[in-house]
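S.K.: So here's structure.tsv, just TSV, C-alpha atoms:
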```tsv
chain	number	residue	atom	x	y	z
P	1	MET	CA	26.48	0.01	18.85
P	2	ARG	CA	25.86	-1.71	15.57
P	3	ASP	CA	25.09	-5.33	14.80
P	4	ASN	CA	27.30	-6.20	11.83
P	5	THR	CA	25.88	-9.66	11.31
P	6	ASN	CA	25.84	-10.64	7.66
P	7	HIS	CA	22.40	-11.30	6.24
P	8	SER	CA	21.71	-13.67	3.37
P	9	SER	CA	19.60	-12.73	0.36
P	10	ALA	CA	16.82	-14.97	1.66
P	11	SER	CA	16.79	-13.30	5.08
P	12	LEU	CA	16.50	-9.89	3.38
P	13	LEU	CA	13.54	-10.87	1.19
P	14	PRO	CA	11.17	-9.07	3.63
P	15	LEU	CA	13.24	-5.90	3.01
P	16	GLY	CA	12.35	-6.07	-0.68
P	17	LEU	CA	8.69	-6.70	0.16
P	18	LEU	CA	8.76	-3.79	2.63
P	19	ASN	CA	9.91	-1.46	-0.17
P	20	PHE	CA	7.27	-2.85	-2.52
P	21	PHE	CA	4.43	-2.18	-0.07
P	22	ILE	CA	5.69	1.22	1.14
P	23	TYR	CA	5.99	2.57	-2.40
P	24	GLY	CA	2.72	0.91	-3.34
P	25	THR	CA	1.03	2.73	-0.46
P	26	MET	CA	2.63	6.02	-1.50
P	27	VAL	CA	1.35	5.83	-5.07
P	28	ILE	CA	-2.21	5.19	-3.88
P	29	PHE	CA	-1.99	8.43	-1.95
P	30	ALA	CA	-0.18	10.36	-4.72
P	31	ALA	CA	-2.42	9.33	-7.60
P	32	PHE	CA	-5.89	8.64	-6.20
P	33	PHE	CA	-6.34	10.62	-2.98
P	34	GLN	CA	-7.16	13.83	-4.89
P	35	LEU	CA	-9.95	11.98	-6.69
P	36	TYR	CA	-11.33	10.83	-3.34
P	37	LEU	CA	-11.33	14.44	-2.11
P	38	LYS	CA	-13.14	15.48	-5.27
P	39	ASP	CA	-15.72	12.73	-4.77
P	40	ILE	CA	-16.53	13.95	-1.25
P	41	GLY	CA	-17.24	17.44	-2.57
P	42	MET	CA	-14.02	19.44	-2.21
P	43	ASP	CA	-13.11	21.99	-4.89
P	44	LYS	CA	-9.69	22.43	-6.53
P	45	PHE	CA	-8.48	25.15	-4.17
P	46	GLU	CA	-9.47	23.15	-1.08
P	47	ILE	CA	-7.70	20.09	-2.45
P	48	GLY	CA	-4.58	22.08	-3.30
P	49	SER	CA	-4.43	23.77	0.11
P	50	LEU	CA	-4.86	20.41	1.82
P	51	MET	CA	-2.02	18.84	-0.18
P	52	ALA	CA	0.19	21.88	0.58
P	53	VAL	CA	0.10	20.94	4.27
P	54	GLY	CA	2.51	18.04	3.65
P	55	PRO	CA	5.65	20.08	2.88
P	56	LEU	CA	4.94	22.36	5.84
P	57	VAL	CA	4.58	19.48	8.29
P	58	SER	CA	7.73	17.78	6.95
P	59	LEU	CA	9.84	20.68	8.28
P	60	LEU	CA	9.15	19.44	11.81
P	61	ALA	CA	8.64	15.77	11.06
P	62	HIS	CA	12.04	15.03	9.47
P	63	PRO	CA	14.27	16.32	12.30
P	64	PHE	CA	11.94	14.85	14.96
P	65	TRP	CA	12.04	11.32	13.56
P	66	ARG	CA	15.76	11.49	12.78
P	67	ARG	CA	16.57	12.50	16.36
P	68	LEU	CA	14.27	9.78	17.71
P	69	SER	CA	16.01	7.18	15.50
P	70	ASP	CA	19.47	8.26	16.63
P	71	ARG	CA	18.47	8.06	20.28
P	72	GLY	CA	16.75	4.69	20.04
P	73	GLN	CA	19.29	3.16	17.60
P	74	ASN	CA	16.54	0.97	16.18
P	75	LEU	CA	15.40	2.15	12.76
P	76	ARG	CA	13.11	-0.82	12.24
P	77	PHE	CA	11.14	-0.04	15.41
P	78	ILE	CA	10.85	3.66	14.49
P	79	LEU	CA	9.73	2.71	10.97
P	80	LEU	CA	7.07	0.43	12.46
P	81	ILE	CA	5.82	3.30	14.64
P	82	MET	CA	5.65	5.59	11.60
P	83	MET	CA	3.81	3.03	9.47
P	84	THR	CA	1.36	2.31	12.29
P	85	GLY	CA	0.79	6.05	12.66
P	86	VAL	CA	0.11	6.37	8.92
P	87	LEU	CA	-2.34	3.46	9.13
P	88	LEU	CA	-4.27	4.95	12.07
P	89	MET	CA	-4.26	8.50	10.70
P	90	GLY	CA	-5.29	7.16	7.29
P	91	HIS	CA	-8.36	5.57	8.87
P	92	LEU	CA	-9.12	8.89	10.56
P	93	VAL	CA	-8.76	10.82	7.29
P	94	PHE	CA	-11.28	8.56	5.56
P	95	LYS	CA	-13.75	8.72	8.47
P	96	VAL	CA	-13.98	12.45	9.29
P	97	ASP	CA	-16.91	14.45	7.93
P	98	THR	CA	-15.84	18.11	8.33
P	99	PHE	CA	-13.17	20.12	6.54
P	100	HIS	CA	-11.53	21.23	9.80
P	101	MET	CA	-11.24	17.65	11.09
P	102	LEU	CA	-9.93	16.54	7.71
P	103	TYR	CA	-7.25	19.26	7.86
P	104	LEU	CA	-6.21	18.21	11.37
P	105	SER	CA	-6.08	14.51	10.49
P	106	MET	CA	-4.04	15.28	7.36
P	107	ILE	CA	-1.50	17.18	9.46
P	108	LEU	CA	-1.13	14.12	11.68
P	109	LEU	CA	-0.95	11.81	8.65
P	110	PHE	CA	1.80	13.89	7.03
P	111	PHE	CA	3.71	13.95	10.32
P	112	PHE	CA	4.07	10.16	10.16
P	113	GLN	CA	4.22	9.82	6.37
P	114	SER	CA	6.57	12.55	5.09
P	115	PRO	CA	9.85	11.07	6.50
P	116	LEU	CA	8.85	7.48	5.71
P	117	LEU	CA	10.91	7.09	2.51
P	118	SER	CA	14.10	8.61	3.94
P	119	GLN	CA	13.76	6.41	7.04
P	120	ASN	CA	13.23	3.40	4.81
P	121	ASN	CA	16.34	4.25	2.76
P	122	SER	CA	18.42	4.44	5.95
P	123	LEU	CA	17.05	1.03	6.97
P	124	ILE	CA	18.10	-0.49	3.64
P	125	LEU	CA	21.63	0.89	3.96
P	126	GLY	CA	21.89	-0.50	7.47
P	127	TYR	CA	20.83	-4.01	6.47
P	128	ILE	CA	23.06	-4.27	3.39
P	129	GLU	CA	26.18	-2.94	5.15
P	130	ASN	CA	28.98	-5.55	5.08
P	131	THR	CA	27.04	-7.65	2.55
P	132	ASP	CA	27.23	-8.04	-1.21
P	133	GLN	CA	23.71	-6.63	-1.55
P	134	LYS	CA	23.14	-3.41	-3.54
P	135	PHE	CA	20.91	-0.49	-2.53
P	136	GLY	CA	19.58	-0.25	-6.09
P	137	THR	CA	18.20	-3.79	-5.89
P	138	TYR	CA	15.87	-2.91	-3.05
P	139	ARG	CA	15.03	0.46	-4.59
P	140	LEU	CA	13.87	-1.48	-7.67
P	141	TRP	CA	11.44	-3.37	-5.44
P	142	GLY	CA	10.00	0.01	-4.54
P	143	SER	CA	9.80	1.11	-8.17
P	144	PHE	CA	8.05	-2.15	-9.03
P	145	GLY	CA	5.54	-1.61	-6.22
P	146	TRP	CA	4.89	1.97	-7.33
P	147	THR	CA	4.33	1.11	-11.01
P	148	LEU	CA	2.34	-2.10	-10.45
P	149	VAL	CA	0.00	-0.58	-7.87
P	150	ALA	CA	-0.43	2.57	-9.99
P	151	LEU	CA	-1.63	0.42	-12.88
P	152	THR	CA	-3.92	-1.90	-10.91
P	153	ALA	CA	-5.27	0.26	-8.07
P	154	GLY	CA	-7.78	2.20	-10.21
P	155	PRO	CA	-9.91	-0.78	-11.32
P	156	ILE	CA	-9.72	-2.26	-7.79
P	157	ILE	CA	-10.95	0.98	-6.21
P	158	ASP	CA	-13.73	1.31	-8.80
P	159	SER	CA	-14.89	-2.28	-8.25
P	160	ILE	CA	-15.07	-1.87	-4.46
P	161	GLY	CA	-16.74	1.52	-4.45
P	162	GLN	CA	-16.37	4.63	-2.30
P	163	HIS	CA	-14.36	2.88	0.42
P	164	GLY	CA	-12.03	1.17	-2.06
P	165	ILE	CA	-9.14	3.60	-1.63
P	166	SER	CA	-9.17	3.38	2.19
P	167	LEU	CA	-9.35	-0.42	2.07
P	168	LEU	CA	-6.49	-0.75	-0.46
P	169	PHE	CA	-4.44	1.84	1.45
P	170	SER	CA	-4.88	-0.13	4.69
P	171	ILE	CA	-4.11	-3.52	3.14
P	172	MET	CA	-0.86	-2.28	1.58
P	173	LEU	CA	0.24	-0.70	4.85
P	174	MET	CA	-0.57	-3.78	6.92
P	175	LEU	CA	1.39	-5.96	4.49
P	176	GLY	CA	4.28	-3.49	4.80
P	177	ILE	CA	4.13	-3.68	8.60
P	178	GLY	CA	4.10	-7.48	8.38
P	179	SER	CA	7.19	-7.41	6.12
P	180	ALA	CA	9.04	-5.17	8.60
P	181	LEU	CA	8.21	-7.55	11.45
P	182	LEU	CA	9.76	-10.43	9.46
P	183	LEU	CA	13.12	-8.66	9.13
P	184	PRO	CA	15.96	-10.02	11.27
P	185	PRO	CA	16.77	-7.80	14.28
P	186	ILE	CA	19.50	-5.19	13.85
P	187	GLN	CA	20.67	-2.23	15.92
P	188	LEU	CA	21.58	0.89	13.96
P	189	THR	CA	21.02	4.64	13.71
P	190	THR	CA	20.50	6.97	10.79
P	191	ASN	CA	24.24	7.73	11.06
P	192	THR	CA	23.53	11.15	9.52
P	193	PRO	CA	25.43	14.12	11.01
P	194	ALA	CA	23.21	16.96	12.18
P	195	ILE	CA	23.28	20.06	9.98
P	196	ARG	CA	24.26	23.12	11.99
P	197	PHE	CA	22.34	26.37	11.69
P	198	THR	CA	25.59	28.26	11.06
P	199	ASP	CA	26.25	26.04	8.02
P	200	ILE	CA	22.79	26.88	6.65
P	201	VAL	CA	23.49	30.61	7.11
P	202	ARG	CA	26.87	30.34	5.38
P	203	THR	CA	25.28	28.40	2.54
P	204	LEU	CA	22.61	31.07	2.06
P	205	GLN	CA	25.35	33.69	1.73
P	206	ASN	CA	26.55	32.08	-1.50
P	207	LYS	CA	24.91	34.25	-4.19
P	208	THR	CA	25.51	31.77	-7.00
P	209	PHE	CA	23.83	28.99	-5.02
P	210	ILE	CA	20.86	31.20	-4.06
P	211	ALA	CA	20.32	32.14	-7.73
P	212	PHE	CA	20.56	28.45	-8.64
P	213	VAL	CA	17.92	27.53	-6.02
P	214	ILE	CA	15.54	30.36	-7.06
P	215	PHE	CA	15.65	29.29	-10.72
P	216	GLY	CA	15.18	25.68	-9.59
P	217	VAL	CA	12.04	26.63	-7.63
P	218	LEU	CA	10.61	28.36	-10.72
P	219	VAL	CA	11.02	25.12	-12.68
P	220	SER	CA	9.89	22.90	-9.82
P	221	ILE	CA	6.60	24.66	-8.98
P	222	PRO	CA	4.84	23.57	-12.23
P	223	ASN	CA	6.11	20.01	-11.72
P	224	SER	CA	4.59	19.96	-8.22
P	225	ILE	CA	1.37	21.45	-9.63
P	226	ASN	CA	1.22	18.62	-12.17
P	227	GLY	CA	1.78	16.02	-9.46
P	228	ILE	CA	-1.16	17.34	-7.46
P	229	PHE	CA	-3.65	18.25	-10.19
P	230	MET	CA	-2.92	15.95	-13.14
P	231	PRO	CA	-5.31	13.24	-11.78
P	232	LEU	CA	-8.05	15.87	-11.45
P	233	PHE	CA	-7.38	17.10	-15.01
P	234	ILE	CA	-7.80	13.57	-16.36
P	235	SER	CA	-10.98	13.14	-14.32
P	236	ASP	CA	-12.41	16.45	-15.58
P	237	LEU	CA	-11.85	15.24	-19.16
P	238	GLY	CA	-13.91	12.14	-18.42
P	239	GLY	CA	-11.00	9.81	-17.66
P	240	SER	CA	-11.20	6.83	-15.33
P	241	ARG	CA	-9.04	5.90	-12.35
P	242	PHE	CA	-7.40	3.27	-14.55
P	243	GLN	CA	-6.31	6.03	-16.93
P	244	VAL	CA	-5.00	8.08	-14.01
P	245	GLY	CA	-2.99	5.07	-12.90
P	246	GLY	CA	-1.79	4.56	-16.47
P	247	ALA	CA	-0.49	8.13	-16.57
P	248	VAL	CA	1.40	7.64	-13.30
P	249	PHE	CA	2.68	4.27	-14.55
P	250	LEU	CA	4.09	5.75	-17.76
P	251	SER	CA	5.60	8.70	-15.91
P	252	THR	CA	7.71	6.43	-13.67
P	253	ILE	CA	8.35	3.21	-15.61
P	254	PHE	CA	11.35	4.71	-17.42
P	255	GLU	CA	12.62	6.77	-14.47
P	256	VAL	CA	15.11	4.15	-13.26
P	257	LEU	CA	16.54	3.79	-16.78
P	258	ALA	CA	16.97	7.58	-16.97
P	259	PHE	CA	18.92	7.63	-13.71
P	260	VAL	CA	21.15	4.74	-14.83
P	261	LEU	CA	21.97	6.43	-18.15
P	262	LEU	CA	22.64	9.78	-16.48
P	263	GLU	CA	24.94	8.16	-13.94
P	264	ARG	CA	26.88	6.38	-16.65
P	265	TYR	CA	27.21	9.00	-19.39
P	266	LEU	CA	26.82	12.47	-17.86
P	267	LYS	CA	30.08	14.41	-17.52
P	268	GLN	CA	30.81	15.80	-14.06
P	269	LYS	CA	31.71	19.29	-15.33
P	270	MET	CA	29.88	22.43	-14.21
P	271	THR	CA	29.38	24.05	-17.64
P	272	TYR	CA	28.21	20.75	-19.13
P	273	LEU	CA	25.78	20.08	-16.26
P	274	MET	CA	24.41	23.64	-16.30
P	275	GLY	CA	23.83	23.36	-20.06
P	276	CYS	CA	22.01	20.06	-19.52
P	277	LEU	CA	19.87	21.62	-16.78
P	278	THR	CA	18.90	24.45	-19.14
P	279	LEU	CA	17.89	21.99	-21.87
P	280	VAL	CA	15.91	19.84	-19.42
P	281	SER	CA	14.08	22.95	-18.19
P	282	LEU	CA	13.15	23.78	-21.79
P	283	LEU	CA	11.81	20.23	-22.15
P	284	PHE	CA	9.74	20.86	-19.02
P	285	ALA	CA	8.29	23.98	-20.67
P	286	LEU	CA	7.43	21.94	-23.78
P	287	ARG	CA	5.74	19.36	-21.56
P	288	TRP	CA	3.52	21.98	-19.91
P	289	GLU	CA	2.65	23.52	-23.27
P	290	LEU	CA	1.56	20.09	-24.49
P	291	MET	CA	-0.50	19.63	-21.32
P	292	SER	CA	-2.25	22.97	-21.89
P	293	GLU	CA	-3.27	21.75	-25.36
P	294	ALA	CA	-4.43	18.28	-24.20
P	295	SER	CA	-8.12	17.58	-24.73
P	296	THR	CA	-8.36	13.85	-23.98
P	297	PRO	CA	-7.11	11.62	-21.13
P	298	LEU	CA	-5.09	9.56	-23.63
P	299	GLN	CA	-3.10	12.62	-24.68
P	300	ILE	CA	-2.22	13.36	-21.05
P	301	ILE	CA	-1.17	9.75	-20.51
P	302	PHE	CA	1.32	9.84	-23.38
P	303	ILE	CA	2.66	13.27	-22.38
P	304	GLN	CA	3.63	11.75	-19.01
P	305	VAL	CA	6.32	9.71	-20.79
P	306	LEU	CA	8.39	12.91	-20.77
P	307	HIS	CA	8.50	12.72	-16.97
P	308	ALA	CA	11.46	10.33	-16.93
P	309	VAL	CA	13.63	12.76	-18.91
P	310	THR	CA	12.41	15.99	-17.34
P	311	PHE	CA	12.03	15.04	-13.68
P	312	GLY	CA	14.86	12.50	-13.67
P	313	GLY	CA	17.26	14.82	-15.49
P	314	PHE	CA	16.33	17.94	-13.53
P	315	PHE	CA	16.73	16.52	-10.04
P	316	TYR	CA	19.75	14.35	-10.84
P	317	VAL	CA	21.67	17.16	-12.53
P	318	GLY	CA	20.55	19.68	-9.91
P	319	THR	CA	21.85	17.49	-7.09
P	320	LYS	CA	25.22	17.11	-8.84
P	321	LEU	CA	25.47	20.87	-9.42
P	322	THR	CA	24.76	21.62	-5.76
P	323	ALA	CA	27.89	19.64	-4.86
P	324	LEU	CA	29.97	21.53	-7.45
P	325	ILE	CA	28.74	25.04	-6.66
P	326	LEU	CA	29.35	24.85	-2.91
P	327	PRO	CA	32.62	24.23	-1.03
P	328	ARG	CA	32.90	20.75	0.49
P	329	PRO	CA	32.12	21.77	4.13
P	330	PHE	CA	28.75	23.20	3.09
P	331	ARG	CA	27.55	20.52	0.67
P	332	SER	CA	25.36	18.71	3.19
P	333	SER	CA	23.61	21.92	4.22
P	334	GLY	CA	23.36	22.89	0.55
P	335	GLN	CA	21.64	19.61	-0.32
P	336	ALA	CA	19.22	20.18	2.58
P	337	VAL	CA	18.39	23.70	1.35
P	338	TYR	CA	18.07	22.50	-2.25
P	339	THR	CA	15.78	19.60	-1.30
P	340	PHE	CA	13.61	21.77	0.95
P	341	ALA	CA	13.28	24.50	-1.69
P	342	LEU	CA	12.41	22.18	-4.57
P	343	SER	CA	10.18	19.82	-2.58
P	344	GLY	CA	8.94	21.94	0.32
P	345	VAL	CA	8.65	25.51	-0.92
P	346	SER	CA	7.58	24.41	-4.40
P	347	GLY	CA	4.97	22.03	-2.97
P	348	ILE	CA	3.47	24.69	-0.72
P	349	ILE	CA	3.23	27.26	-3.55
P	350	ALA	CA	1.95	24.62	-5.99
P	351	GLY	CA	-0.87	23.58	-3.66
P	352	PHE	CA	-2.20	27.06	-2.94
P	353	LEU	CA	-1.42	28.84	-6.22
P	354	GLY	CA	-2.21	25.86	-8.45
P	355	GLY	CA	-5.49	25.17	-6.66
P	356	TRP	CA	-6.61	28.79	-6.96
P	357	ILE	CA	-5.74	29.04	-10.69
P	358	PHE	CA	-7.29	25.65	-11.51
P	359	GLN	CA	-10.48	26.49	-9.61
P	360	SER	CA	-10.78	30.05	-10.96
P	361	PHE	CA	-9.44	29.83	-14.52
P	362	GLY	CA	-9.18	26.14	-15.47
P	363	PRO	CA	-6.37	23.75	-16.47
P	364	VAL	CA	-5.35	25.50	-19.72
P	365	LEU	CA	-4.26	28.68	-17.95
P	366	LEU	CA	-2.78	26.58	-15.13
P	367	TYR	CA	-0.37	24.82	-17.48
P	368	LYS	CA	0.28	27.98	-19.54
P	369	MET	CA	1.37	29.65	-16.31
P	370	GLY	CA	3.51	26.62	-15.50
P	371	GLY	CA	5.21	26.86	-18.88
P	372	SER	CA	5.94	30.57	-18.34
P	373	LEU	CA	7.48	29.97	-14.91
P	374	THR	CA	9.59	27.17	-16.35
P	375	LEU	CA	10.86	29.38	-19.19
P	376	LEU	CA	11.91	31.99	-16.63
P	377	GLY	CA	13.83	29.32	-14.73
P	378	ALA	CA	15.41	28.02	-17.96
P	379	ALA	CA	16.48	31.57	-18.89
P	380	GLY	CA	18.08	31.94	-15.46
P	381	PHE	CA	19.99	28.69	-15.86
P	382	GLY	CA	21.06	29.79	-19.33
P	383	ILE	CA	22.48	33.04	-17.94
P	384	MET	CA	24.29	31.10	-15.22
P	385	TRP	CA	25.72	28.75	-17.85
P	386	TYR	CA	27.01	31.71	-19.87
P	387	HIS	CA	28.72	33.31	-16.86
P	388	ILE	CA	30.31	30.02	-15.78
P	389	TYR	CA	31.44	29.29	-19.36
P	390	LYS	CA	32.90	32.81	-19.70
P	391	HIS	CA	34.69	32.51	-16.34
P	392	GLU	CA	36.20	29.13	-17.25
P	393	ASN	CA	37.47	30.44	-20.61
P	394	SER	CA	38.93	33.54	-18.94
P	395	SER	CA	40.75	31.30	-16.45
P	396	ILE	CA	42.14	29.15	-19.26
P	397	GLU	CA	43.37	32.22	-21.17
P	398	HIS	CA	44.96	33.60	-18.03
P	399	HIS	CA	46.85	30.38	-17.34
P	400	THR	CA	48.04	30.01	-20.96
P	401	GLU	CA	49.48	33.52	-21.27
P	402	PRO	CA	53.30	33.49	-21.71
```
Starting from the coordinates I provided, produce the structure as structure tokens.

M.R.:
Amino acid sequence: MRDNTNHSSASLLPLGLLNFFIYGTMVIFAAFFQLYLKDIGMDKFEIGSLMAVGPLVSLLAHPFWRRLSDRGQNLRFILLIMMTGVLLMGHLVFKVDTFHMLYLSMILLFFFQSPLLSQNNSLILGYIENTDQKFGTYRLWGSFGWTLVALTAGPIIDSIGQHGISLLFSIMLMLGIGSALLLPPIQLTTNTPAIRFTDIVRTLQNKTFIAFVIFGVLVSIPNSINGIFMPLFISDLGGSRFQVGGAVFLSTIFEVLAFVLLERYLKQKMTYLMGCLTLVSLLFALRWELMSEASTPLQIIFIQVLHAVTFGGFFYVGTKLTALILPRPFRSSGQAVYTFALSGVSGIIAGFLGGWIFQSFGPVLLYKMGGSLTLLGAAGFGIMWYHIYKHENSSIEHHTEP
């Protein structure tokens, strides 16, 4: 059953605030949690291995919460449970005093946190159905929360002291929970069809798609490494939390504009998209080369401006290509495999491998390695582009023969 009651813009104001506070909470964790772990005495490898737990836990967390939402048909209630779980587990993470307890509490935290954004997106779509409201409007609230909190959280944490991150994390979450409680009641499910195991198997039998995913992982691993270790790199160079936040701010402030331009001007043709993906991968390699040469926090901050073009272009174009490479019945399973490979597999490898290289050899070799992996991925995409281009031309010649 679904409540199709129309909601006014005023009644959906808490939905915008909910997005603001959820994304604001996420950026605190993404940008400053590594610095907290460093402050309590953890080395780079320990930090990386701890952050690698998230993608592993998400394998179980996503299907569990989706099934629970479909059974209960109340996304808002499930979201409230998840946010409350993140709040409680967050308190536990900041209170434990042994590495083993920290690992266990992080597993529990990731269990509640990893599906939070996808659950939130489903909630938005449910509330704006049969209204004149746009999904992008509420997603902009989230982007605003991410960028504003990224820029302001550093000085706030520094002014409060050691417990500043846990206090700010808790306040943002409690405000998010309060916003969710203010939303008008609505009954809905995720409305997402379950992906069958047989569809996954059939998808993995597509050699072109598997090659595409492997090259994508090669490009994605260095990006995940940068997401985990860039704050630590800035800190090692003597940078402040404000500068870390500034780097995150500049890396995301133009992301929405990049997506809008790509949606409007990018041609939906396989050869064109594959060529764009190759060029974006080369830009990624340039970005990591610049990072390996950086010697001041300010240089790193300005290099992050490339994030909008590289990350935005890579994942947007990659998602479009997944739909073109696979037959229509297997596109949903293909998107699931693509997302898991580029977010899950890449994140796991980035945490362990990146932490070991950073700890043992330093950031210069870390980013040099990232650039080399990216060039391998770009070469793979270039070869795929050539084969697709050659096949298309052969087809045209065949059809035009008298």

S.K.: Determine, for each residue of region 173-251 of chain P having at least one atom at most 10 Å from an atom of region 318-337 of chain P, the closest pair of atoms and their separation in Å to one decimal, counting only C-alpha atoms; order by chain and ascending number, as CSV.

M.R.:
```
residue,atom,partner,partner_atom,distance
P:Pro193,CA,P:Ser332,CA,9.1
P:Ala194,CA,P:Ser333,CA,9.4
P:Ile195,CA,P:Ser333,CA,6.1
P:Arg196,CA,P:Ser333,CA,7.9
P:Phe197,CA,P:Ser333,CA,8.8
P:Thr198,CA,P:Ser333,CA,9.5
P:Asp199,CA,P:Ser333,CA,6.2
P:Ile200,CA,P:Ser333,CA,5.6
P:Val201,CA,P:Ser333,CA,9.2
P:Arg202,CA,P:Phe330,CA,7.7
P:Thr203,CA,P:Gly334,CA,6.2
P:Leu204,CA,P:Gly334,CA,8.4
P:Asn206,CA,P:Leu326,CA,7.9
P:Thr208,CA,P:Ile325,CA,7.5
P:Phe209,CA,P:Ile325,CA,6.5
P:Ile210,CA,P:Val337,CA,9.6
P:Phe212,CA,P:Thr322,CA,8.5
P:Val213,CA,P:Val337,CA,8.3
P:Gly216,CA,P:Gly318,CA,8.1
```

S.K.: Which polymer residues have any atom within 10 Å of an atom of Phe20 (chain P), counting all atoms listed in the file, with same-chain residues fewer than 3 positions away left out, as a list in words?

M.R.: Pro14, Leu15, Gly16, Leu17, Tyr23, Gly24, Thr25, Tyr138, Arg139, Leu140, Trp141, Gly142, Ser143, Phe144, Gly145, Trp146, Thr147, Leu148, Val149, Met172, Leu175, Gly176 and Ser179 of chain P

S.K.: With 10 Å as the cut-off and all atoms listed in the file counted, what is the closest atom pair between each nearby residue of region 146-248 of chain P and region 296-301 of chain P? Distances in Å to one decimal, ordered by chain and number, as CSV.

M.R.:
```
residue,atom,partner,partner_atom,distance
P:Met230,CA,P:Ile300,CA,8.4
P:Pro231,CA,P:Pro297,CA,9.7
P:Phe233,CA,P:Pro297,CA,8.2
P:Ile234,CA,P:Pro297,CA,5.2
P:Ser235,CA,P:Pro297,CA,8.0
P:Asp236,CA,P:Pro297,CA,9.1
P:Leu237,CA,P:Thr296,CA,6.1
P:Gly238,CA,P:Pro297,CA,7.3
P:Gly239,CA,P:Pro297,CA,5.5
P:Ser240,CA,P:Pro297,CA,8.6
P:Gln243,CA,P:Pro297,CA,7.0
P:Val244,CA,P:Ile301,CA,7.7
P:Gly245,CA,P:Ile301,CA,9.1
P:Gly246,CA,P:Ile301,CA,6.6
P:Ala247,CA,P:Ile301,CA,4.3
P:Val248,CA,P:Ile301,CA,7.9
```

S.K.: Quick check, in Å to one decimal: how far apart do CA of Gly154 (chain P) and CA of Ser170 (chain P) lie?

M.R.: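 Going from CA of Gly154 (chain P) over to CA of Ser170 (chain P) covers 15.4 Å.
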
S.K.: Between CA of Ala30 (chain P) and CA of Gly347 (chain P), measure the distance and give it in Å to one decimal.

M.R.: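 Taking CA of Ala30 (chain P) as the start and CA of Gly347 (chain P) as the end point, the length is 12.9 Å.
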
S.K.: So the first atom is CA of Ile157 (chain P) and the second is CA of Phe32 (chain P); what is the distance between them in Å, to one decimal place?

M.R.: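 For CA of Ile157 (chain P) relative to CA of Phe32 (chain P), the distance reads 9.2 Å.
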
S.K.: Of the candidates P:Lys368, P:Arg71, P:Arg76, P:His391, which one gets nearest to Ala180 (chain P) if we count all atoms listed in the file?

M.R.: P:Arg76

S.K.: Set the distance at 12 Å and use all atoms listed in the file: which residues neighbour region 160-162 of chain P once local chain neighbours fewer than 4 positions away are removed? I'd like the list as a compact mmCIF listing (two decimals) with C-alpha atoms, in the coordinates of the input.

M.R.:
```
# COMPACT_ATOMS: atom_id res chain seq x y z
CA PHE P 32 -5.89 8.64 -6.20
CA PHE P 33 -6.34 10.62 -2.98
CA LEU P 35 -9.95 11.98 -6.69
CA TYR P 36 -11.33 10.83 -3.34
CA LEU P 37 -11.33 14.44 -2.11
CA LYS P 38 -13.14 15.48 -5.27
CA ASP P 39 -15.72 12.73 -4.77
CA ILE P 40 -16.53 13.95 -1.25
CA PHE P 94 -11.28 8.56 5.56
CA LYS P 95 -13.75 8.72 8.47
CA ALA P 153 -5.27 0.26 -8.07
CA GLY P 154 -7.78 2.20 -10.21
CA PRO P 155 -9.91 -0.78 -11.32
CA ILE P 156 -9.72 -2.26 -7.79
CA SER P 166 -9.17 3.38 2.19
CA LEU P 167 -9.35 -0.42 2.07
CA LEU P 168 -6.49 -0.75 -0.46
CA ARG P 241 -9.04 5.90 -12.35
```

S.K.: Starting from the structure just given, write a file holding region 206-214 of chain P with N, CA and C atoms, as a tab-separated table (two decimals), in the first residue's frame.

M.R.:
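New file result27.tsv:
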```tsv
chain	number	residue	atom	x	y	z
P	206	ASN	N	29.68	-11.99	-19.56
P	206	ASN	CA	29.91	-11.03	-20.64
P	206	ASN	C	31.35	-10.54	-20.57
P	207	LYS	N	32.21	-11.01	-21.49
P	207	LYS	CA	33.64	-10.71	-21.43
P	207	LYS	C	33.93	-9.23	-21.59
P	208	THR	N	33.18	-8.55	-22.44
P	208	THR	CA	33.39	-7.12	-22.63
P	208	THR	C	33.11	-6.36	-21.34
P	209	PHE	N	32.03	-6.73	-20.66
P	209	PHE	CA	31.67	-6.07	-19.41
P	209	PHE	C	32.71	-6.35	-18.32
P	210	ILE	N	33.19	-7.59	-18.23
P	210	ILE	CA	34.19	-7.94	-17.22
P	210	ILE	C	35.47	-7.14	-17.45
P	211	ALA	N	35.92	-7.02	-18.72
P	211	ALA	CA	37.10	-6.21	-19.02
P	211	ALA	C	36.87	-4.76	-18.62
P	212	PHE	N	35.68	-4.25	-18.90
P	212	PHE	CA	35.31	-2.88	-18.55
P	212	PHE	C	35.39	-2.67	-17.04
P	213	VAL	N	34.89	-3.62	-16.26
P	213	VAL	CA	34.90	-3.51	-14.81
P	213	VAL	C	36.33	-3.59	-14.26
P	214	ILE	N	37.15	-4.50	-14.80
P	214	ILE	CA	38.53	-4.64	-14.34
P	214	ILE	C	39.31	-3.35	-14.57
```
